[in-house]
Amino acid sequence: LPQYDLTGLSVLDLGCGAGRDVYIASQLVGPQGKVVGVDMTDEQLVAARSTLDYHEEKFGYSNVQFHNGFLETLDQIPQLEERSFDLIISNCVINLCQDKEAVLRHCTRLLKPGGEMYLTDVYASRRVPQVLKDDEVLWGECLSGALYWNDFENLARKVGFVDPR
């Protein structure tokens, strides 16, 4: 994303963890933009919030927020208003979600018209067998929750993404 001018944009980071990508995006959008991170893990959010003052002092502004929640139920986070984000990013966490369709549906609701979603994730070249999906270790390693690539494209289109790729 650095090749694009992100100045002033509103960015949502799904599965923000300790906030590394949030703070990078904060610098890219500048003081007129905002970046919101969502994570389900309290410990990760404590770590993310622990450096708020450092980043505000270093860059001269504070434009980040962190919220606790599950990606499948983003509608239960009142601070995430409909059509309020220009850009949604996610770094390898959607494959950990049981209801990927719900995650993508919420993203279409949160994006402004013309907004985009960029994600990295683990995908499969074929559907993952149930015996592997049921393996907790493989799930935790982000392997057995991988979507078959064509299923991802079909789900994305189903919830309103025009050109998933």
# chains A, B, ... in the order shown; residues from 1 in each chain; ligands from 1

$ residues_around --residues "A:Asp13" --least-positions-apart "4" --cutoff "8 Å" --atoms "only C-alpha atoms" --output "ChimeraX atom specification"
/A:21-22,35-38,88-90

$ residues_around --residues "A:Phe70" --least-positions-apart "5" --cutoff "12 Å" --atoms "only C-alpha atoms" --output "PyMOL selection string"
chain A and resi 14-16+37-42+75-77+93-94+96-100+102-103+106

$ write_last_selection --atoms "N, CA and C atoms" --output "compact mmCIF listing (two decimals), in the first residue's frame"
# COMPACT_ATOMS: atom_id res chain seq x y z
N LEU A 14 -8.31 -5.48 10.64
CA LEU A 14 -8.98 -6.62 11.25
C LEU A 14 -7.95 -7.58 11.82
N GLY A 15 -8.10 -7.92 13.10
CA GLY A 15 -7.13 -8.79 13.76
C GLY A 15 -5.82 -8.08 13.96
N CYS A 16 -5.88 -6.90 14.56
CA CYS A 16 -4.73 -6.00 14.65
C CYS A 16 -3.63 -6.48 15.58
N GLY A 37 -8.05 -0.42 14.95
CA GLY A 37 -7.70 -1.83 15.01
C GLY A 37 -8.71 -2.59 15.84
N VAL A 38 -9.06 -3.79 15.38
CA VAL A 38 -9.97 -4.66 16.11
C VAL A 38 -9.27 -5.99 16.34
N ASP A 39 -9.34 -6.48 17.57
CA ASP A 39 -8.79 -7.79 17.88
C ASP A 39 -9.64 -8.42 18.98
N MET A 40 -9.65 -9.75 19.02
CA MET A 40 -10.45 -10.46 20.02
C MET A 40 -9.68 -10.76 21.29
N THR A 41 -8.38 -10.45 21.28
CA THR A 41 -7.51 -10.87 22.38
C THR A 41 -7.16 -9.68 23.27
N ASP A 42 -7.62 -9.72 24.50
CA ASP A 42 -7.36 -8.62 25.44
C ASP A 42 -5.86 -8.35 25.60
N ASP A 75 -20.55 -5.82 13.80
CA ASP A 75 -21.71 -4.96 14.01
C ASP A 75 -22.00 -4.72 15.49
N GLN A 76 -21.37 -5.48 16.37
CA GLN A 76 -21.56 -5.29 17.80
C GLN A 76 -20.56 -4.32 18.42
N ILE A 77 -19.72 -3.73 17.59
CA ILE A 77 -18.79 -2.70 18.06
C ILE A 77 -19.35 -1.35 17.62
N VAL A 93 -5.78 -13.38 9.36
CA VAL A 93 -6.64 -13.76 10.48
C VAL A 93 -8.03 -14.24 10.06
N ILE A 94 -8.47 -13.89 8.86
CA ILE A 94 -9.81 -14.30 8.45
C ILE A 94 -9.90 -15.82 8.38
N LEU A 96 -8.88 -17.77 10.47
CA LEU A 96 -9.15 -18.25 11.82
C LEU A 96 -10.62 -18.10 12.21
N CYS A 97 -11.40 -17.43 11.38
CA CYS A 97 -12.81 -17.19 11.67
C CYS A 97 -13.66 -18.35 11.17
N GLN A 98 -14.62 -18.74 11.98
CA GLN A 98 -15.54 -19.81 11.59
C GLN A 98 -16.50 -19.35 10.48
N ASP A 99 -17.00 -18.12 10.61
CA ASP A 99 -18.00 -17.62 9.67
C ASP A 99 -17.39 -16.53 8.79
N LYS A 100 -16.69 -16.97 7.77
CA LYS A 100 -15.99 -16.04 6.88
C LYS A 100 -16.97 -15.17 6.10
N ALA A 102 -19.77 -13.95 7.19
CA ALA A 102 -20.17 -12.84 8.07
C ALA A 102 -19.09 -11.77 8.11
N VAL A 103 -17.83 -12.17 8.16
CA VAL A 103 -16.73 -11.20 8.18
C VAL A 103 -16.79 -10.35 6.92
N HIS A 106 -19.78 -7.93 6.86
CA HIS A 106 -19.55 -6.75 7.70
C HIS A 106 -18.61 -5.77 7.00

$ select_by_dssp --residues "stretch 16-95 of chain A" --states "strand (DSSP E or B)" --output "MDAnalysis selection string"
chainID A and resid 34:39 64:68 85:91

$ atom_distance --atom1 "atom CA of A:Arg127" --atom2 "atom CA of A:Asn95"
13.0 Å

$ closest_residue --among "A:Glu153, A:Glu56, A:Glu116, A:Asp135" --to "A:Glu101" --atoms "only C-alpha atoms"
A:Glu153

$ residues_around --residues "A:Pro31" --least-positions-apart "3" --cutoff "9 Å" --atoms "only C-alpha atoms" --output "PDB file with N, CA, C and O atoms, in the first residue's frame"
ATOM      1  N   THR A   7      -3.108   9.566   2.460  1.00  0.00           N
ATOM      2  CA  THR A   7      -3.304  10.724   3.316  1.00  0.00           C
ATOM      3  C   THR A   7      -4.790  11.001   3.541  1.00  0.00           C
ATOM      4  O   THR A   7      -5.564  11.104   2.591  1.00  0.00           O
ATOM      5  N   GLY A   8      -5.179  11.087   4.808  1.00  0.00           N
ATOM      6  CA  GLY A   8      -6.537  11.452   5.168  1.00  0.00           C
ATOM      7  C   GLY A   8      -7.544  10.310   5.159  1.00  0.00           C
ATOM      8  O   GLY A   8      -8.708  10.529   5.503  1.00  0.00           O
ATOM      9  N   SER A  26      -1.069   4.410  10.475  1.00  0.00           N
ATOM     10  CA  SER A  26      -1.244   5.724  11.079  1.00  0.00           C
ATOM     11  C   SER A  26      -0.320   6.753  10.439  1.00  0.00           C
ATOM     12  O   SER A  26      -0.715   7.894  10.183  1.00  0.00           O
ATOM     13  N   GLN A  27       0.901   6.349  10.195  1.00  0.00           N
ATOM     14  CA  GLN A  27       1.860   7.261   9.559  1.00  0.00           C
ATOM     15  C   GLN A  27       1.492   7.512   8.101  1.00  0.00           C
ATOM     16  O   GLN A  27       1.691   8.616   7.581  1.00  0.00           O
ATOM     17  N   LYS A  34      -7.473   8.384  10.038  1.00  0.00           N
ATOM     18  CA  LYS A  34      -7.639   7.622  11.279  1.00  0.00           C
ATOM     19  C   LYS A  34      -7.462   6.145  10.967  1.00  0.00           C
ATOM     20  O   LYS A  34      -7.728   5.686   9.854  1.00  0.00           O
ATOM     21  N   PHE A  59       5.274  11.145  16.591  1.00  0.00           N
ATOM     22  CA  PHE A  59       4.750  11.666  15.330  1.00  0.00           C
ATOM     23  C   PHE A  59       3.956  12.955  15.488  1.00  0.00           C
ATOM     24  O   PHE A  59       3.592  13.581  14.497  1.00  0.00           O
ATOM     25  N   GLY A  60       3.670  13.349  16.709  1.00  0.00           N
ATOM     26  CA  GLY A  60       3.010  14.624  16.924  1.00  0.00           C
ATOM     27  C   GLY A  60       1.506  14.598  16.762  1.00  0.00           C
ATOM     28  O   GLY A  60       0.866  15.646  16.721  1.00  0.00           O
ATOM     29  N   TYR A  61       0.924  13.440  16.655  1.00  0.00           N
ATOM     30  CA  TYR A  61      -0.526  13.324  16.558  1.00  0.00           C
ATOM     31  C   TYR A  61      -0.948  11.928  16.988  1.00  0.00           C
ATOM     32  O   TYR A  61      -0.142  11.002  17.027  1.00  0.00           O
ATOM     33  N   SER A  62      -2.233  11.815  17.320  1.00  0.00           N
ATOM     34  CA  SER A  62      -2.800  10.515  17.679  1.00  0.00           C
ATOM     35  C   SER A  62      -4.045  10.303  16.846  1.00  0.00           C
ATOM     36  O   SER A  62      -5.006  11.065  16.957  1.00  0.00           O
ATOM     37  N   ASN A  63      -4.010   9.301  16.007  1.00  0.00           N
ATOM     38  CA  ASN A  63      -5.146   9.039  15.124  1.00  0.00           C
ATOM     39  C   ASN A  63      -5.541   7.564  15.119  1.00  0.00           C
ATOM     40  O   ASN A  63      -6.092   7.076  14.138  1.00  0.00           O
TER      41      ASN A  63
END

$ closest_residue --among "A:Val128, A:Tyr123, A:Pro164, A:Glu82" --to "A:Trp149" --atoms "only C-alpha atoms"
A:Tyr123

$ residues_around --residues "A:Gly115" --least-positions-apart "6" --cutoff "9 Å" --atoms "only C-alpha atoms" --output "VMD selection string"
chain A and resid 83 85 to 88 108

$ write_last_selection --atoms "N, CA and C atoms" --output "compact mmCIF listing (two decimals), in the first residue's frame"
# COMPACT_ATOMS: atom_id res chain seq x y z
N ARG A 83 -20.34 2.41 6.57
CA ARG A 83 -19.75 3.21 5.48
C ARG A 83 -18.79 4.28 6.01
N PHE A 85 -15.23 3.59 6.45
CA PHE A 85 -13.82 3.28 6.17
C PHE A 85 -13.55 3.29 4.67
N ASP A 86 -12.44 3.92 4.33
CA ASP A 86 -11.98 3.92 2.94
C ASP A 86 -11.26 2.63 2.59
N LEU A 87 -10.64 2.05 3.61
CA LEU A 87 -9.75 0.92 3.39
C LEU A 87 -9.83 -0.04 4.57
N ILE A 88 -9.94 -1.33 4.29
CA ILE A 88 -9.87 -2.36 5.32
C ILE A 88 -8.68 -3.25 4.99
N THR A 108 -18.28 -5.20 3.78
CA THR A 108 -18.99 -4.43 2.76
C THR A 108 -19.86 -3.35 3.40

$ select_by_dssp --residues "chain A" --states "helix (DSSP H, G or I)" --output "PyMOL selection string"
chain A and resi 20-29+42-49+52-59+71-76+94-96+100-110+130-133+136-140+149-159

$ write_last_selection --atoms "C-alpha atoms" --output "PDB file, in the first residue's frame"
ATOM      1  CA  ARG A  20       2.100  -2.979  14.413  1.00  0.00           C
ATOM      2  CA  ASP A  21       0.145  -2.535  11.168  1.00  0.00           C
ATOM      3  CA  VAL A  22      -2.137   0.041  12.815  1.00  0.00           C
ATOM      4  CA  TYR A  23       0.828   2.231  13.720  1.00  0.00           C
ATOM      5  CA  ILE A  24       2.352   1.867  10.237  1.00  0.00           C
ATOM      6  CA  ALA A  25      -0.975   2.812   8.635  1.00  0.00           C
ATOM      7  CA  SER A  26      -1.244   5.724  11.079  1.00  0.00           C
ATOM      8  CA  GLN A  27       1.860   7.261   9.559  1.00  0.00           C
ATOM      9  CA  LEU A  28       0.596   6.646   6.023  1.00  0.00           C
ATOM     10  CA  VAL A  29      -2.773   8.370   6.591  1.00  0.00           C
ATOM     11  CA  ASP A  42      -7.358  -8.621  25.445  1.00  0.00           C
ATOM     12  CA  GLU A  43      -3.624  -9.247  25.918  1.00  0.00           C
ATOM     13  CA  GLN A  44      -2.854  -8.121  22.376  1.00  0.00           C
ATOM     14  CA  LEU A  45      -4.918  -4.968  22.815  1.00  0.00           C
ATOM     15  CA  VAL A  46      -3.146  -4.152  26.080  1.00  0.00           C
ATOM     16  CA  ALA A  47       0.151  -4.384  24.188  1.00  0.00           C
ATOM     17  CA  ALA A  48      -1.215  -2.231  21.334  1.00  0.00           C
ATOM     18  CA  ARG A  49      -2.516   0.459  23.670  1.00  0.00           C
ATOM     19  CA  LEU A  52      -0.166   4.942  22.161  1.00  0.00           C
ATOM     20  CA  ASP A  53       1.692   7.692  24.033  1.00  0.00           C
ATOM     21  CA  TYR A  54       5.018   6.770  22.417  1.00  0.00           C
ATOM     22  CA  HIS A  55       3.579   7.054  18.911  1.00  0.00           C
ATOM     23  CA  GLU A  56       1.718  10.275  19.680  1.00  0.00           C
ATOM     24  CA  GLU A  57       4.908  11.859  21.008  1.00  0.00           C
ATOM     25  CA  LYS A  58       7.071  10.566  18.155  1.00  0.00           C
ATOM     26  CA  PHE A  59       4.750  11.666  15.330  1.00  0.00           C
ATOM     27  CA  LEU A  71     -14.550 -10.256  13.224  1.00  0.00           C
ATOM     28  CA  GLU A  72     -17.756 -12.250  12.729  1.00  0.00           C
ATOM     29  CA  THR A  73     -19.660  -9.731  14.884  1.00  0.00           C
ATOM     30  CA  LEU A  74     -18.178  -6.374  13.894  1.00  0.00           C
ATOM     31  CA  ASP A  75     -21.710  -4.963  14.007  1.00  0.00           C
ATOM     32  CA  GLN A  76     -21.563  -5.289  17.803  1.00  0.00           C
ATOM     33  CA  ILE A  94      -9.810 -14.305   8.449  1.00  0.00           C
ATOM     34  CA  ASN A  95      -8.832 -17.951   8.023  1.00  0.00           C
ATOM     35  CA  LEU A  96      -9.151 -18.245  11.824  1.00  0.00           C
ATOM     36  CA  LYS A 100     -15.991 -16.041   6.884  1.00  0.00           C
ATOM     37  CA  GLU A 101     -19.122 -14.931   5.055  1.00  0.00           C
ATOM     38  CA  ALA A 102     -20.168 -12.844   8.066  1.00  0.00           C
ATOM     39  CA  VAL A 103     -16.728 -11.201   8.181  1.00  0.00           C
ATOM     40  CA  LEU A 104     -16.903 -10.257   4.503  1.00  0.00           C
ATOM     41  CA  ARG A 105     -20.516  -9.073   4.825  1.00  0.00           C
ATOM     42  CA  HIS A 106     -19.554  -6.749   7.695  1.00  0.00           C
ATOM     43  CA  CYS A 107     -16.683  -5.404   5.615  1.00  0.00           C
ATOM     44  CA  THR A 108     -18.992  -4.430   2.757  1.00  0.00           C
ATOM     45  CA  ARG A 109     -21.205  -2.643   5.301  1.00  0.00           C
ATOM     46  CA  LEU A 110     -18.270  -0.742   6.820  1.00  0.00           C
ATOM     47  CA  GLN A 130     -13.301 -32.006   7.471  1.00  0.00           C
ATOM     48  CA  VAL A 131     -10.787 -34.178   9.342  1.00  0.00           C
ATOM     49  CA  LEU A 132      -8.210 -31.398   8.913  1.00  0.00           C
ATOM     50  CA  LYS A 133     -10.729 -28.668   9.778  1.00  0.00           C
ATOM     51  CA  GLU A 136      -7.205 -27.766  16.597  1.00  0.00           C
ATOM     52  CA  VAL A 137      -3.445 -27.584  16.058  1.00  0.00           C
ATOM     53  CA  LEU A 138      -3.797 -27.131  12.295  1.00  0.00           C
ATOM     54  CA  TRP A 139      -6.565 -24.575  12.881  1.00  0.00           C
ATOM     55  CA  GLY A 140      -4.361 -22.600  15.273  1.00  0.00           C
ATOM     56  CA  TRP A 149      -9.670 -19.892  -3.430  1.00  0.00           C
ATOM     57  CA  ASN A 150     -12.806 -20.208  -5.591  1.00  0.00           C
ATOM     58  CA  ASP A 151     -15.003 -20.346  -2.475  1.00  0.00           C
ATOM     59  CA  PHE A 152     -13.432 -17.089  -1.290  1.00  0.00           C
ATOM     60  CA  GLU A 153     -14.193 -15.386  -4.603  1.00  0.00           C
ATOM     61  CA  ASN A 154     -17.773 -16.679  -4.585  1.00  0.00           C
ATOM     62  CA  LEU A 155     -18.353 -15.582  -0.969  1.00  0.00           C
ATOM     63  CA  ALA A 156     -16.914 -12.153  -1.682  1.00  0.00           C
ATOM     64  CA  ARG A 157     -19.200 -11.684  -4.678  1.00  0.00           C
ATOM     65  CA  LYS A 158     -22.196 -13.011  -2.727  1.00  0.00           C
ATOM     66  CA  VAL A 159     -21.831 -10.311  -0.045  1.00  0.00           C
TER      67      VAL A 159
END

$ closest_residue --among "A:Leu147, A:Gly69, A:Phe161, A:Arg126" --to "A:Pro113" --atoms "only C-alpha atoms"
A:Phe161
